[in-house]
Every structure is written in structure tokens, then in C-alpha cells.
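What follows is a short report on a single structure.
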Amino acid sequence: MNGAGGNSTRLVFDDDDDFNDGTPLCSIMFSVSVLVLVLVLFKVIYERWVTPLSNIPGRYLHSITSLPMRYHMIRGSLPAFLLALHREYGPLVRISPQRVSIADVDMVKHVLGSHSYGKTPSYDMPKVLEPNAFSTRSAELSTERRKQLAPGFSHRHLLDMEDRIVQCGVTNVEKKIEELLKTSKGSVVVQYYKWFSLIALDTIGVLGFGRHFGALESETHELVPTLVRIRVFSYITMAFPWFKKLPSLMGRRLTTLARLMDFGREAIAQRREQAGETIDLLQLMLDSGHADKRLPQMSDPQIVSETILHLIAGVDTTSAGLTWTLALLLHNPDVMQRLVSEIRAEFPVDVGHISFEECRQRLPYLSAVIHESLRVMSPAPGMLPRLAPAGGLRLGGYFLPAGTWLCCAIGAVHMNPGVFAEPEVFDPERFLKEERFNMLAFSTGVRACLGRNLALVEMHVVLANLLRRYDLALPEGVPAKGGVPDIPRKTMMTMNPTNPDRDCLVVISPLAGQ
Ligand code: HEM
């Protein structure tokens, strides 16, 4: 009994002990829950009814959390998400507690037009890389770097470089097609997204570093998947900045980046060993201190960072531009027919290659097709975020406080009926009639695309020469969809097809009598 009694005493004592322990724990948990609830409630009330941003139209959920926006970023469906919101709410929409999306062309031009609206922290690169022309958030560095690089992208310089662009985008392509035709029955089927990526890489190799990658020739190059990986990793960390703290993800990103950095360092070392007459972007950067004494000499790490940028910015964008233009042509046979007639009437086969200057002067419909394609299927239709400056700003009748992210939704501007009549219709004719200054695929203003001229030269020259010499058609059994084809795609900085092996096939045949 005693023992039992002793046990029971102990039990009571234990219970008391538990009770004594639990009281503060429970009450702490209760207090924390109440505090969290109060904070959440406070945040909801503040975001929904107090902040000046609460006046901006948009969905209730988006005003209190950025998760829906980030979800669409990570799925690669951000442009469709933004477009749907703009259609519902108008040109200014709140897409997260801190962000508004803008689809009005004048407002977008205002924001992108000056350094008053700096780039957001999402542009920050990993610390191992020096800031470059794209990533820098400093107005001074951006201006300086653009001055240093601009001569390499000028029309004059590109005219001098045109034979190299023709070599990569025309001569090598023709050679490849002719080789394939020898072993086929009159026509070849090609996955054109892959080809355009390889052509864009070869071109930037020659113009950027005087290097012949031979990517199209061998139909592969390790840099192509490496660049895609870096672009996707960068994009994911833009959507979820705290991913930067995940060692496994960042480890892989840094390994890929390290490979690109090695590539940049090797290119510099090789050039120093074999200094010659080469005039390319690399040489321009190595000579930056001599060319204009008012500008400082770029350091090696800075040059490496720019080199990586040229690869990332110059390959996926241009290949996407060419891919979507060809997809639109294949799915709109009437437009294809009119374009082919224009090219073949102006330039009969075997009169040398068609140059960019000739495209500009004698192929207005080709230019219209390219610009309309860049409008309806922009290669980089993202949200180009900028920061509202100290003191905030008034936009579209609303006050936007300092620090608000002003997201310039290029894709939604292009689909705004107030900017382009019947915006969903693929109609190259519109660019024969109206000016192109509202087509913002290359952005606009102080941070507009530096490679615009290069991309346009490449796109004109490749398409003009390809369509002059060959008939291009969809594979048998694939129907022309008309308008903007609903080819599955993902936008992670650039907009790329998700299943190019299925959706980006073209049958290439030589012209009858060739
Ligand atoms: C069809 C092809 C291209 C398209 C549609 C395109 C589009 C764009 C867009 C929209 C931006 C602004 C991005 C932002 O502010 O977040 C940009 C910036 C930039 N692009 Fe391109 N791009 C193309 C080709 C190229 C090429 C070939 C190069 C060079 C090799 C290049 C180099 C750059 C650079 C350096 C910037 C940063 C400019 C700055 O911030 O000052 N791009 N591009």
C-alpha cells in the first residue's frame, strides 16, 4: 500500500510538475499566436486600406501576398498572368503588396526613360561577379559602361562585321542544309529552335570574342545548355531571393557560373597572347582605357562579367526572336507567301547574299514581319521592374510611395488595344503603316537593350537569305494554326518553347529548279 501510496504521491507530484511546466509554454504559445494574428491583421488592414497602394485596382489576394505572382514566375507564365490582370483592371494593376504592373505605353516610357527609376535589387548578381551593364543598379556605372560598349553595337560597326554575321547565319546554314539534302529525298526536317540557338551562339562567339565555336556545324555546344541553366537559376532567384540561401541550389549555380568565368578568363588570356587586328567586343573592352581617355580602363573581372552577359543576353533572346518569327510565318501561310514573293522578286537566287542594308531598303515587308513578331511574341516579355524614387511619384492619377516596384509589362503594352488596334491579330501590315516606336520588345530609355542593332541585323539577314533559297513548310499532318500559334512556352527571362522537338519542326526544300 505504502508503495502504491508513494507511487500515487509521485504521480500527483508529476502531474503538478507537468502543470507547472506547461503553463508558461502554453501561455507563450498563446501570446505568440495572438501577436502573429494581430500582426497579420495589421498587415492585411494596412495593405488593403491604409497604404496609398490600396487605391490601385487589383485582386484582394494580390494586395496582401506576392505568392500568386511568384507562382506564375516560377511556372513561366508571368506574361499571361499580367495580361489577364490588365484586361480585367486596366493599365495600372497592383500585383503584390509592393508591386504595381504598368501596361500604358506612356507611363512605361516615362518610367524606363530616366535613371530616376533605378533597377530593383532583383537585378543583383551573385557576389562572385562584378556588376555588368545589365545588372548594375548604379546610374553612373550604367552610363559609363554603355559608353564603353556602345561602339561595338553601333550600326557602323555592325556593317563592318556583317560578313562575319553572314558567315554564321547564312553561309554555314546553307552548307549544313546542302549536306543534309545530299542524303535525303529532296527535303530535310530541322528543329529550328535548336538551330537558331546554335547560330546565335556562333555569331556572338565571333562578334564577342573573335572565336569560331562551330556550334551549328557540330549541332551542339556545351555553352548552349550552360547558358539556359544560368538563365533559369537567375530567374528562380529573382522570383524567390531567399533561394540564394539554399547551398545546394546556389552551389550548382556557382559551379555553372564558374565554368563561364573560366571561359571569359581564357578568352582574355588568349587575346593578350595573340593580340592582332581583331575588332570585336572583347578587344573593345581591353582597349577601353585608350579609346576614350575620359572613361576608365575596364578591369579583367569586369570584362569577364560583361563577357558572360553578352553570352546570356545575346543567345537566348535572338534565338527566341528568330524562332517565334519563323513559327508565326509557318502558321500563317498567307503572310509567308507574301514575304517570300517580296524577297524573291527583289533578289533572284544566286546574286550574292542579301545584306542588312538591302533588307532595310528593299524588303519593307520583312522588316514589318520581324517587328510584328517581336510584338506578338516578344522574346523577353517580362516585367522590367524599377523602383519608385524617394518621395514617390504620381502615375495615372495614383500616388506610388518610394520603394514601390514599378513593373513595366512589355507583353501587356503590346496587347493593349489603346496602343495597337486589334492587338491579338498577327498583322505585319500594321508596321508598314504605323511607326515602330511603341514596339518595346527591346525595352526603351536609358537601360534599353544594347544589343538591339545586332539582333535586328541577325534576324533580317538570316530570314531573308533562308527564305530566298529554300521553301519552308510545316511537317505533313501539322495544321497551320493561323494567328498567334498556341505553342506551349515558358517565360523565364526569355520566352522559349517547352517542347521544341515536337513544336518547332520545319521542312526545308530547295526551290524547284535549283
Ligand atoms: C531579339 C533579341 C533581343 C531582345 C528581344 C532583347 C531584349 C532586351 C530587353 C527587354 C532588355 C531590358 C531588360 C531589363 O531592363 O530588364 C535588354 C537589355 C539588354 N540587352 Fe537585350 N535583347 C536582345 C538581344 C540582345 C543581344 C544580341 C545583346 C548583346 C549581345 C543584348 C544585350 C543586352 C544588354 C547588355 C542589356 C542591358 C542594358 C542596360 O541595362 O543598360 N541583347 N534586352
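Convention: chains lettered A, B, ... in C-alpha cells order; per-chain residue numbering from 1; ligands numbered from 1 as shown.
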Spatial neighbours of segment 483-496 of chain A, 8 Å, only C-alpha atoms, chain gap at least 3 places, as JSON, numbers by chain
{"A": [73, 74, 75, 76, 77, 78, 79, 231, 232, 235, 316, 317, 320, 327, 328, 331, 332, 376, 377, 378, 379, 380, 381, 382, 424, 425, 426, 499, 503]}
Can you tell me, as a PyMOL selection string, what residues are no more than 9 Å from Pro500 of chain A when counting only C-alpha atoms, ignoring any on the same chain fewer than 6 positions away?
chain A and resi 191-194
Interface rows for chain A against ligand 1: nearest pair, Å to one decimal, 8 Å, only C-alpha atoms and all ligand atoms, as a Markdown table:
```
| residue | atom | partner | partner_atom_place_in_ligand_line | distance |
| --- | --- | --- | --- | --- |
| A:Lys119 | CA | ligand 1 | 15 (O) | 7.7 |
| A:Tyr123 | CA | ligand 1 | 16 (O) | 7.9 |
| A:Asn132 | CA | ligand 1 | 35 (C) | 8.0 |
| A:Ala133 | CA | ligand 1 | 41 (O) | 5.2 |
| A:Phe134 | CA | ligand 1 | 37 (C) | 3.7 |
| A:Ser135 | CA | ligand 1 | 40 (O) | 6.7 |
| A:Thr136 | CA | ligand 1 | 40 (O) | 7.4 |
| A:Ser142 | CA | ligand 1 | 41 (O) | 6.0 |
| A:Thr143 | CA | ligand 1 | 41 (O) | 7.8 |
| A:Arg146 | CA | ligand 1 | 41 (O) | 6.5 |
| A:Phe153 | CA | ligand 1 | 29 (C) | 8.0 |
| A:Ile204 | CA | ligand 1 | 30 (C) | 6.5 |
| A:Gly208 | CA | ligand 1 | 30 (C) | 7.6 |
| A:Glu306 | CA | ligand 1 | 35 (C) | 7.9 |
| A:Leu309 | CA | ligand 1 | 35 (C) | 6.7 |
| A:His310 | CA | ligand 1 | 30 (C) | 4.2 |
| A:Leu311 | CA | ligand 1 | 30 (C) | 6.4 |
| A:Ile312 | CA | ligand 1 | 30 (C) | 7.7 |
| A:Ala313 | CA | ligand 1 | 31 (C) | 4.6 |
| A:Gly314 | CA | ligand 1 | 27 (C) | 3.5 |
| A:Val315 | CA | ligand 1 | 27 (C) | 6.5 |
| A:Asp316 | CA | ligand 1 | 2 (C) | 7.8 |
| A:Thr317 | CA | ligand 1 | 2 (C) | 4.3 |
| A:Thr318 | CA | ligand 1 | 2 (C) | 3.9 |
| A:Ser319 | CA | ligand 1 | 1 (C) | 7.2 |
| A:Ala320 | CA | ligand 1 | 1 (C) | 6.8 |
| A:Gly321 | CA | ligand 1 | 1 (C) | 4.7 |
| A:Leu322 | CA | ligand 1 | 1 (C) | 7.5 |
| A:Leu374 | CA | ligand 1 | 5 (C) | 7.1 |
| A:Ser378 | CA | ligand 1 | 5 (C) | 6.2 |
| A:Pro379 | CA | ligand 1 | 5 (C) | 4.8 |
| A:Ala380 | CA | ligand 1 | 10 (C) | 5.3 |
| A:Pro381 | CA | ligand 1 | 10 (C) | 6.8 |
| A:Gly382 | CA | ligand 1 | 10 (C) | 7.5 |
| A:Met383 | CA | ligand 1 | 16 (O) | 7.4 |
| A:Leu384 | CA | ligand 1 | 16 (O) | 4.3 |
| A:Pro385 | CA | ligand 1 | 16 (O) | 7.0 |
| A:Ile410 | CA | ligand 1 | 10 (C) | 7.8 |
| A:Leu440 | CA | ligand 1 | 10 (C) | 7.3 |
| A:Ala441 | CA | ligand 1 | 5 (C) | 5.0 |
| A:Phe442 | CA | ligand 1 | 7 (C) | 4.0 |
| A:Ser443 | CA | ligand 1 | 10 (C) | 4.5 |
| A:Thr444 | CA | ligand 1 | 12 (C) | 7.7 |
| A:Val446 | CA | ligand 1 | 41 (O) | 6.6 |
| A:Arg447 | CA | ligand 1 | 41 (O) | 3.7 |
| A:Ala448 | CA | ligand 1 | 38 (C) | 5.4 |
| A:Cys449 | CA | ligand 1 | 18 (C) | 3.6 |
| A:Leu450 | CA | ligand 1 | 33 (C) | 4.6 |
| A:Gly451 | CA | ligand 1 | 28 (C) | 3.5 |
| A:Arg452 | CA | ligand 1 | 24 (C) | 5.5 |
| A:Asn453 | CA | ligand 1 | 27 (C) | 7.9 |
| A:Leu454 | CA | ligand 1 | 27 (C) | 5.5 |
| A:Ala455 | CA | ligand 1 | 27 (C) | 4.8 |
| A:Leu456 | CA | ligand 1 | 1 (C) | 7.0 |
| A:Met459 | CA | ligand 1 | 1 (C) | 7.9 |
```
Give one line per residue of segment 382-441 of chain A that approaches segment 37-57 of chain A to at most 10 Å, naming the two atoms of the closest pair and their distance in Å to one decimal, counting only C-alpha atoms; sort by chain then ascending residue number and deliver it as JSON lines.
```
{"residue": "A:Gly396", "atom": "CA", "partner": "A:Ile56", "partner_atom": "CA", "distance": 9.9}
{"residue": "A:Gly397", "atom": "CA", "partner": "A:Ile56", "partner_atom": "CA", "distance": 9.7}
{"residue": "A:Tyr398", "atom": "CA", "partner": "A:Ile56", "partner_atom": "CA", "distance": 7.1}
{"residue": "A:Phe399", "atom": "CA", "partner": "A:Pro52", "partner_atom": "CA", "distance": 6.3}
{"residue": "A:Leu400", "atom": "CA", "partner": "A:Leu53", "partner_atom": "CA", "distance": 6.3}
{"residue": "A:Pro401", "atom": "CA", "partner": "A:Pro52", "partner_atom": "CA", "distance": 7.1}
{"residue": "A:Thr404", "atom": "CA", "partner": "A:Leu53", "partner_atom": "CA", "distance": 8.6}
```
Residues within 9 Å of Val413 of chain A, please, as a PyMOL selection string. Count only C-alpha atoms; anything in the same chain fewer than 5 positions from it doesn't count.
chain A and resi 83+91+102-105+108+408+418-420+438-440
Would you mind exporting N, CA, C and O atoms of the selected residues as an mmCIF file, in the first residue's frame?
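The resulting file, selection_31.cif, is shown below:
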```cif
data_model
loop_
_atom_site.group_PDB
_atom_site.id
_atom_site.type_symbol
_atom_site.label_atom_id
_atom_site.label_comp_id
_atom_site.auth_asym_id
_atom_site.auth_seq_id
_atom_site.Cartn_x
_atom_site.Cartn_y
_atom_site.Cartn_z
ATOM 1 N N LEU A 83 -1.132 39.904 -68.263
ATOM 2 C CA LEU A 83 -2.066 40.319 -69.316
ATOM 3 C C LEU A 83 -3.510 40.153 -68.839
ATOM 4 O O LEU A 83 -4.342 41.056 -69.017
ATOM 5 N N PRO A 91 -4.814 49.718 -67.071
ATOM 6 C CA PRO A 91 -3.377 49.857 -67.333
ATOM 7 C C PRO A 91 -2.475 49.847 -66.100
ATOM 8 O O PRO A 91 -1.269 49.691 -66.218
ATOM 9 N N ILE A 102 2.435 47.911 -65.015
ATOM 10 C CA ILE A 102 2.008 49.016 -65.877
ATOM 11 C C ILE A 102 1.926 48.532 -67.321
ATOM 12 O O ILE A 102 2.875 47.941 -67.839
ATOM 13 N N ALA A 103 0.777 48.798 -67.975
ATOM 14 C CA ALA A 103 0.624 48.401 -69.383
ATOM 15 C C ALA A 103 0.289 49.595 -70.264
ATOM 16 O O ALA A 103 -0.119 49.423 -71.408
ATOM 17 N N ASP A 104 0.438 50.805 -69.719
ATOM 18 C CA ASP A 104 0.190 52.006 -70.514
ATOM 19 C C ASP A 104 1.513 52.453 -71.122
ATOM 20 O O ASP A 104 2.515 52.603 -70.411
ATOM 21 N N VAL A 105 1.512 52.667 -72.437
ATOM 22 C CA VAL A 105 2.788 52.888 -73.115
ATOM 23 C C VAL A 105 3.485 54.172 -72.652
ATOM 24 O O VAL A 105 4.711 54.199 -72.501
ATOM 25 N N VAL A 108 4.948 53.585 -69.173
ATOM 26 C CA VAL A 108 6.117 52.701 -69.259
ATOM 27 C C VAL A 108 7.316 53.484 -69.794
ATOM 28 O O VAL A 108 8.431 53.404 -69.250
ATOM 29 N N CYS A 408 7.217 47.158 -65.587
ATOM 30 C CA CYS A 408 6.814 47.578 -66.930
ATOM 31 C C CYS A 408 6.497 46.324 -67.755
ATOM 32 O O CYS A 408 7.414 45.639 -68.218
ATOM 33 N N GLY A 418 -5.419 50.182 -76.721
ATOM 34 C CA GLY A 418 -5.210 51.625 -76.811
ATOM 35 C C GLY A 418 -3.890 51.953 -77.494
ATOM 36 O O GLY A 418 -3.650 53.085 -77.917
ATOM 37 N N VAL A 419 -3.013 50.970 -77.603
ATOM 38 C CA VAL A 419 -1.698 51.193 -78.226
ATOM 39 C C VAL A 419 -1.681 50.604 -79.638
ATOM 40 O O VAL A 419 -1.224 51.240 -80.585
ATOM 41 N N PHE A 420 -2.185 49.371 -79.769
ATOM 42 C CA PHE A 420 -2.235 48.713 -81.078
ATOM 43 C C PHE A 420 -3.674 48.259 -81.339
ATOM 44 O O PHE A 420 -4.244 47.535 -80.509
ATOM 45 N N ASN A 438 6.330 52.257 -80.558
ATOM 46 C CA ASN A 438 5.611 51.672 -79.418
ATOM 47 C C ASN A 438 5.873 50.171 -79.281
ATOM 48 O O ASN A 438 5.310 49.532 -78.401
ATOM 49 N N MET A 439 6.698 49.635 -80.170
ATOM 50 C CA MET A 439 7.058 48.221 -80.065
ATOM 51 C C MET A 439 8.271 48.157 -79.121
ATOM 52 O O MET A 439 9.351 48.612 -79.468
ATOM 53 N N LEU A 440 8.040 47.634 -77.919
ATOM 54 C CA LEU A 440 9.047 47.772 -76.865
ATOM 55 C C LEU A 440 9.786 46.466 -76.543
ATOM 56 O O LEU A 440 10.268 46.291 -75.425
#
```
Counting only C-alpha atoms, figure out which residue out of A:Glu273, A:Glu174, A:Asp471, A:Glu357 gets nearest to His155 of chain A.
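Smallest distance to His155 of chain A is found for A:Glu357.
Residues with any atom within 12 Å of Glu476 of chain A, counting only C-alpha atoms and excluding same-chain neighbours fewer than 6 positions away, are Val189, Leu505, Val506 and Val507 of chain A.
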